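Trainee: Just one file: data.json, with JSON, N, CA and C atoms.
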```
[["chain", "number", "residue", "atom", "x", "y", "z"],
["A", 1, "ALA", "N", 80.97, 173.44, 36.84],
["A", 1, "ALA", "CA", 80.63, 172.22, 37.55],
["A", 1, "ALA", "C", 79.14, 172.18, 37.91],
["A", 2, "THR", "N", 78.60, 173.33, 38.28],
["A", 2, "THR", "CA", 77.18, 173.37, 38.63],
["A", 2, "THR", "C", 76.30, 173.07, 37.43],
["A", 3, "ALA", "N", 76.69, 173.60, 36.28],
["A", 3, "ALA", "CA", 75.92, 173.36, 35.06],
["A", 3, "ALA", "C", 75.92, 171.88, 34.69],
["A", 4, "ILE", "N", 77.04, 171.23, 34.87],
["A", 4, "ILE", "CA", 77.13, 169.79, 34.58],
["A", 4, "ILE", "C", 76.23, 169.02, 35.54],
["A", 5, "PHE", "N", 76.27, 169.37, 36.82],
["A", 5, "PHE", "CA", 75.43, 168.69, 37.80],
["A", 5, "PHE", "C", 73.96, 168.87, 37.47],
["A", 6, "VAL", "N", 73.55, 170.09, 37.15],
["A", 6, "VAL", "CA", 72.15, 170.35, 36.81],
["A", 6, "VAL", "C", 71.77, 169.58, 35.55],
["A", 7, "GLY", "N", 72.66, 169.53, 34.59],
["A", 7, "GLY", "CA", 72.41, 168.77, 33.36],
["A", 7, "GLY", "C", 72.20, 167.29, 33.64],
["A", 8, "PHE", "N", 73.04, 166.72, 34.50],
["A", 8, "PHE", "CA", 72.89, 165.31, 34.87],
["A", 8, "PHE", "C", 71.57, 165.07, 35.60],
["A", 9, "GLN", "N", 71.22, 165.98, 36.50],
["A", 9, "GLN", "CA", 69.96, 165.84, 37.24],
["A", 9, "GLN", "C", 68.77, 165.87, 36.29],
["A", 10, "MET", "N", 68.77, 166.79, 35.35],
["A", 10, "MET", "CA", 67.67, 166.90, 34.39],
["A", 10, "MET", "C", 67.58, 165.65, 33.53],
["A", 11, "THR", "N", 68.73, 165.14, 33.11],
["A", 11, "THR", "CA", 68.76, 163.92, 32.30],
["A", 11, "THR", "C", 68.22, 162.74, 33.10],
["A", 12, "TYR", "N", 68.63, 162.63, 34.34],
["A", 12, "TYR", "CA", 68.17, 161.54, 35.21],
["A", 12, "TYR", "C", 66.66, 161.59, 35.38],
["A", 13, "ARG", "N", 66.12, 162.76, 35.68],
["A", 13, "ARG", "CA", 64.68, 162.89, 35.86],
["A", 13, "ARG", "C", 63.93, 162.59, 34.58],
["A", 14, "SER", "N", 64.48, 163.02, 33.46],
["A", 14, "SER", "CA", 63.85, 162.75, 32.17],
["A", 14, "SER", "C", 63.81, 161.25, 31.89],
["A", 15, "LEU", "N", 64.88, 160.55, 32.23],
["A", 15, "LEU", "CA", 64.91, 159.10, 32.05],
["A", 15, "LEU", "C", 63.88, 158.40, 32.93],
["A", 16, "LEU", "N", 63.72, 158.87, 34.16],
["A", 16, "LEU", "CA", 62.71, 158.28, 35.05],
["A", 16, "LEU", "C", 61.30, 158.47, 34.48],
["A", 17, "VAL", "N", 61.01, 159.67, 34.00],
["A", 17, "VAL", "CA", 59.69, 159.93, 33.43],
["A", 17, "VAL", "C", 59.48, 159.08, 32.19],
["A", 18, "SER", "N", 60.50, 158.96, 31.35],
["A", 18, "SER", "CA", 60.39, 158.13, 30.14],
["A", 18, "SER", "C", 60.13, 156.67, 30.49],
["A", 19, "ARG", "N", 60.84, 156.17, 31.49],
["A", 19, "ARG", "CA", 60.64, 154.78, 31.92],
["A", 19, "ARG", "C", 59.22, 154.57, 32.44],
["A", 20, "ASP", "N", 58.77, 155.46, 33.31],
["A", 20, "ASP", "CA", 57.43, 155.31, 33.88],
["A", 20, "ASP", "C", 56.36, 155.40, 32.81],
["A", 21, "THR", "N", 56.52, 156.31, 31.87],
["A", 21, "THR", "CA", 55.55, 156.45, 30.78],
["A", 21, "THR", "C", 55.53, 155.20, 29.92],
["A", 22, "TYR", "N", 56.70, 154.65, 29.61],
["A", 22, "TYR", "CA", 56.79, 153.43, 28.80],
["A", 22, "TYR", "C", 56.11, 152.26, 29.51],
["A", 23, "TYR", "N", 56.40, 152.08, 30.79],
["A", 23, "TYR", "CA", 55.80, 150.98, 31.55],
["A", 23, "TYR", "C", 54.29, 151.11, 31.58],
["A", 24, "GLU", "N", 53.80, 152.32, 31.77],
["A", 24, "GLU", "CA", 52.35, 152.52, 31.84],
["A", 24, "GLU", "C", 51.70, 152.32, 30.47],
["A", 25, "ARG", "N", 52.29, 152.87, 29.45],
["A", 25, "ARG", "CA", 51.72, 152.79, 28.11],
["A", 25, "ARG", "C", 51.64, 151.35, 27.61],
["A", 26, "TYR", "N", 52.69, 150.57, 27.85],
["A", 26, "TYR", "CA", 52.73, 149.20, 27.34],
["A", 26, "TYR", "C", 52.36, 148.16, 28.40],
["A", 27, "ASN", "N", 51.82, 148.64, 29.53],
["A", 27, "ASN", "CA", 51.27, 147.78, 30.57],
["A", 27, "ASN", "C", 52.29, 146.74, 31.06],
["A", 28, "LEU", "N", 53.51, 147.19, 31.29],
["A", 28, "LEU", "CA", 54.54, 146.30, 31.80],
["A", 28, "LEU", "C", 54.44, 146.19, 33.32],
["A", 29, "ALA", "N", 54.90, 145.08, 33.83],
["A", 29, "ALA", "CA", 54.86, 144.87, 35.28],
["A", 29, "ALA", "C", 55.84, 145.79, 35.98],
["A", 30, "ASP", "N", 55.48, 146.21, 37.17],
["A", 30, "ASP", "CA", 56.39, 147.01, 37.98],
["A", 30, "ASP", "C", 57.49, 146.14, 38.57],
["A", 31, "PHE", "N", 57.16, 144.89, 38.85],
["A", 31, "PHE", "CA", 58.16, 143.95, 39.31],
["A", 31, "PHE", "C", 57.67, 142.53, 39.05],
["A", 32, "TRP", "N", 58.60, 141.59, 39.09],
["A", 32, "TRP", "CA", 58.29, 140.19, 38.87],
["A", 32, "TRP", "C", 58.71, 139.40, 40.11],
["A", 33, "VAL", "N", 58.01, 138.32, 40.34],
["A", 33, "VAL", "CA", 58.36, 137.41, 41.43],
["A", 33, "VAL", "C", 58.66, 136.07, 40.78],
["A", 34, "HIS", "N", 59.87, 135.57, 40.96],
["A", 34, "HIS", "CA", 60.27, 134.29, 40.39],
["A", 34, "HIS", "C", 60.22, 133.23, 41.48],
["A", 35, "LEU", "N", 59.46, 132.19, 41.25],
["A", 35, "LEU", "CA", 59.34, 131.10, 42.21],
["A", 35, "LEU", "C", 59.58, 129.78, 41.50],
["A", 36, "GLU", "N", 60.12, 128.83, 42.22],
["A", 36, "GLU", "CA", 60.26, 127.48, 41.70],
["A", 36, "GLU", "C", 59.35, 126.56, 42.50],
["A", 37, "LYS", "N", 58.57, 125.78, 41.80],
["A", 37, "LYS", "CA", 57.67, 124.81, 42.40],
["A", 37, "LYS", "C", 56.69, 125.44, 43.38],
["A", 38, "ALA", "N", 56.13, 126.54, 43.00],
["A", 38, "ALA", "CA", 55.13, 127.20, 43.85],
["A", 38, "ALA", "C", 53.74, 126.74, 43.44],
["A", 39, "PRO", "N", 52.88, 126.47, 44.41],
["A", 39, "PRO", "CA", 51.51, 126.08, 44.07],
["A", 39, "PRO", "C", 50.74, 127.29, 43.53],
["A", 40, "ARG", "N", 49.69, 127.02, 42.79],
["A", 40, "ARG", "CA", 48.86, 128.11, 42.25],
["A", 40, "ARG", "C", 48.30, 128.99, 43.35],
["A", 41, "SER", "N", 48.14, 128.44, 44.54],
["A", 41, "SER", "CA", 47.59, 129.23, 45.65],
["A", 41, "SER", "C", 48.54, 130.36, 46.05],
["A", 42, "ALA", "N", 49.80, 130.29, 45.65],
["A", 42, "ALA", "CA", 50.75, 131.37, 45.95],
["A", 42, "ALA", "C", 50.34, 132.67, 45.28],
["A", 43, "LEU", "N", 49.62, 132.58, 44.17],
["A", 43, "LEU", "CA", 49.14, 133.79, 43.49],
["A", 43, "LEU", "C", 48.22, 134.59, 44.40],
["A", 44, "ALA", "N", 47.38, 133.90, 45.14],
["A", 44, "ALA", "CA", 46.47, 134.58, 46.06],
["A", 44, "ALA", "C", 47.24, 135.29, 47.16],
["A", 45, "ASP", "N", 48.34, 134.68, 47.62],
["A", 45, "ASP", "CA", 49.16, 135.32, 48.65],
["A", 45, "ASP", "C", 49.81, 136.60, 48.12],
["A", 46, "VAL", "N", 50.30, 136.55, 46.89],
["A", 46, "VAL", "CA", 50.92, 137.73, 46.29],
["A", 46, "VAL", "C", 49.88, 138.82, 46.08],
["A", 47, "ALA", "N", 48.67, 138.43, 45.74],
["A", 47, "ALA", "CA", 47.60, 139.41, 45.51],
["A", 47, "ALA", "C", 47.22, 140.16, 46.78],
["A", 48, "LEU", "N", 47.53, 139.60, 47.94],
["A", 48, "LEU", "CA", 47.21, 140.25, 49.21],
["A", 48, "LEU", "C", 48.21, 141.34, 49.60],
["A", 49, "VAL", "N", 49.31, 141.44, 48.88],
["A", 49, "VAL", "CA", 50.32, 142.47, 49.18],
["A", 49, "VAL", "C", 49.71, 143.84, 48.90],
["A", 50, "PRO", "N", 49.81, 144.77, 49.84],
["A", 50, "PRO", "CA", 49.24, 146.11, 49.63],
["A", 50, "PRO", "C", 49.80, 146.78, 48.38],
["A", 51, "GLY", "N", 48.92, 147.33, 47.57],
["A", 51, "GLY", "CA", 49.32, 148.02, 46.34],
["A", 51, "GLY", "C", 49.28, 147.14, 45.11],
["A", 52, "VAL", "N", 49.15, 145.84, 45.28],
["A", 52, "VAL", "CA", 49.06, 144.93, 44.14],
["A", 52, "VAL", "C", 47.62, 144.88, 43.68],
["A", 53, "TRP", "N", 47.39, 145.20, 42.42],
["A", 53, "TRP", "CA", 46.01, 145.19, 41.94],
["A", 53, "TRP", "C", 45.77, 144.12, 40.90],
["A", 54, "ARG", "N", 46.83, 143.47, 40.40],
["A", 54, "ARG", "CA", 46.63, 142.36, 39.47],
["A", 54, "ARG", "C", 47.81, 141.41, 39.57],
["A", 55, "VAL", "N", 47.50, 140.13, 39.57],
["A", 55, "VAL", "CA", 48.53, 139.08, 39.65],
["A", 55, "VAL", "C", 48.27, 138.10, 38.53],
["A", 56, "ARG", "N", 49.34, 137.69, 37.88],
["A", 56, "ARG", "CA", 49.20, 136.71, 36.80],
["A", 56, "ARG", "C", 50.33, 135.69, 36.93],
["A", 57, "GLY", "N", 49.99, 134.43, 36.90],
["A", 57, "GLY", "CA", 50.98, 133.38, 36.98],
["A", 57, "GLY", "C", 51.23, 132.76, 35.61],
["A", 58, "ARG", "N", 52.44, 132.29, 35.40],
["A", 58, "ARG", "CA", 52.75, 131.60, 34.15],
["A", 58, "ARG", "C", 53.92, 130.66, 34.36],
["A", 59, "VAL", "N", 54.02, 129.69, 33.51],
["A", 59, "VAL", "CA", 55.12, 128.73, 33.55],
["A", 59, "VAL", "C", 56.06, 129.08, 32.41],
["A", 60, "VAL", "N", 57.34, 129.19, 32.75],
["A", 60, "VAL", "CA", 58.34, 129.54, 31.73],
["A", 60, "VAL", "C", 59.32, 128.41, 31.59]]
```
Could you quickly redo this structure as structure tokens?
Mentor:
Amino acid sequence: ATAIFVGFQMTYRSLLVSRDTYYERYNLADFWVHLEKAPRSALADVALVPGVWRVRGRVV
């Protein structure tokens, strides 16, 4: 049982590292904010959130 637990833990950590590496390598967003009918000025408000270093708005 201990070996299975350790195996699962190692797999989980490996998946986290793989995800983080992929996001960094391909410059994917850490999170998205979905808004409906938000003015362009809302981008400036999002940019003020601590830790946010780039904000990009788009219409989908």
Trainee: Just give me the gap between CA of Ile4 (chain A) and atom C of Tyr23 (chain A) in Å, one decimal is fine.
Mentor: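 It comes out at 29.7 Å.
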Trainee: What is the distance between atom N of Gly57 (chain A) and atom C of Leu28 (chain A), in Å to one decimal?
Mentor: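 Computing it gives 13.1 Å between the two atoms.
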Trainee: DSSP says alpha helix (DSSP H) for which residues of chain A? Put them as a ChimeraX atom specification?
Mentor: /A:2-25,42-47
Trainee: Work out how far apart CA of Asp45 (chain A) and CA of Asn27 (chain A) are and give it in Å to one decimal.
Mentor: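 Rounded to one decimal, the two atoms are 22.1 Å apart.
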Trainee: With distances taken over only C-alpha atoms, which residue among A:Ser18, A:Phe5, A:Phe31, A:Glu36 lies nearest Arg54 (chain A)?
Mentor: A:Phe31
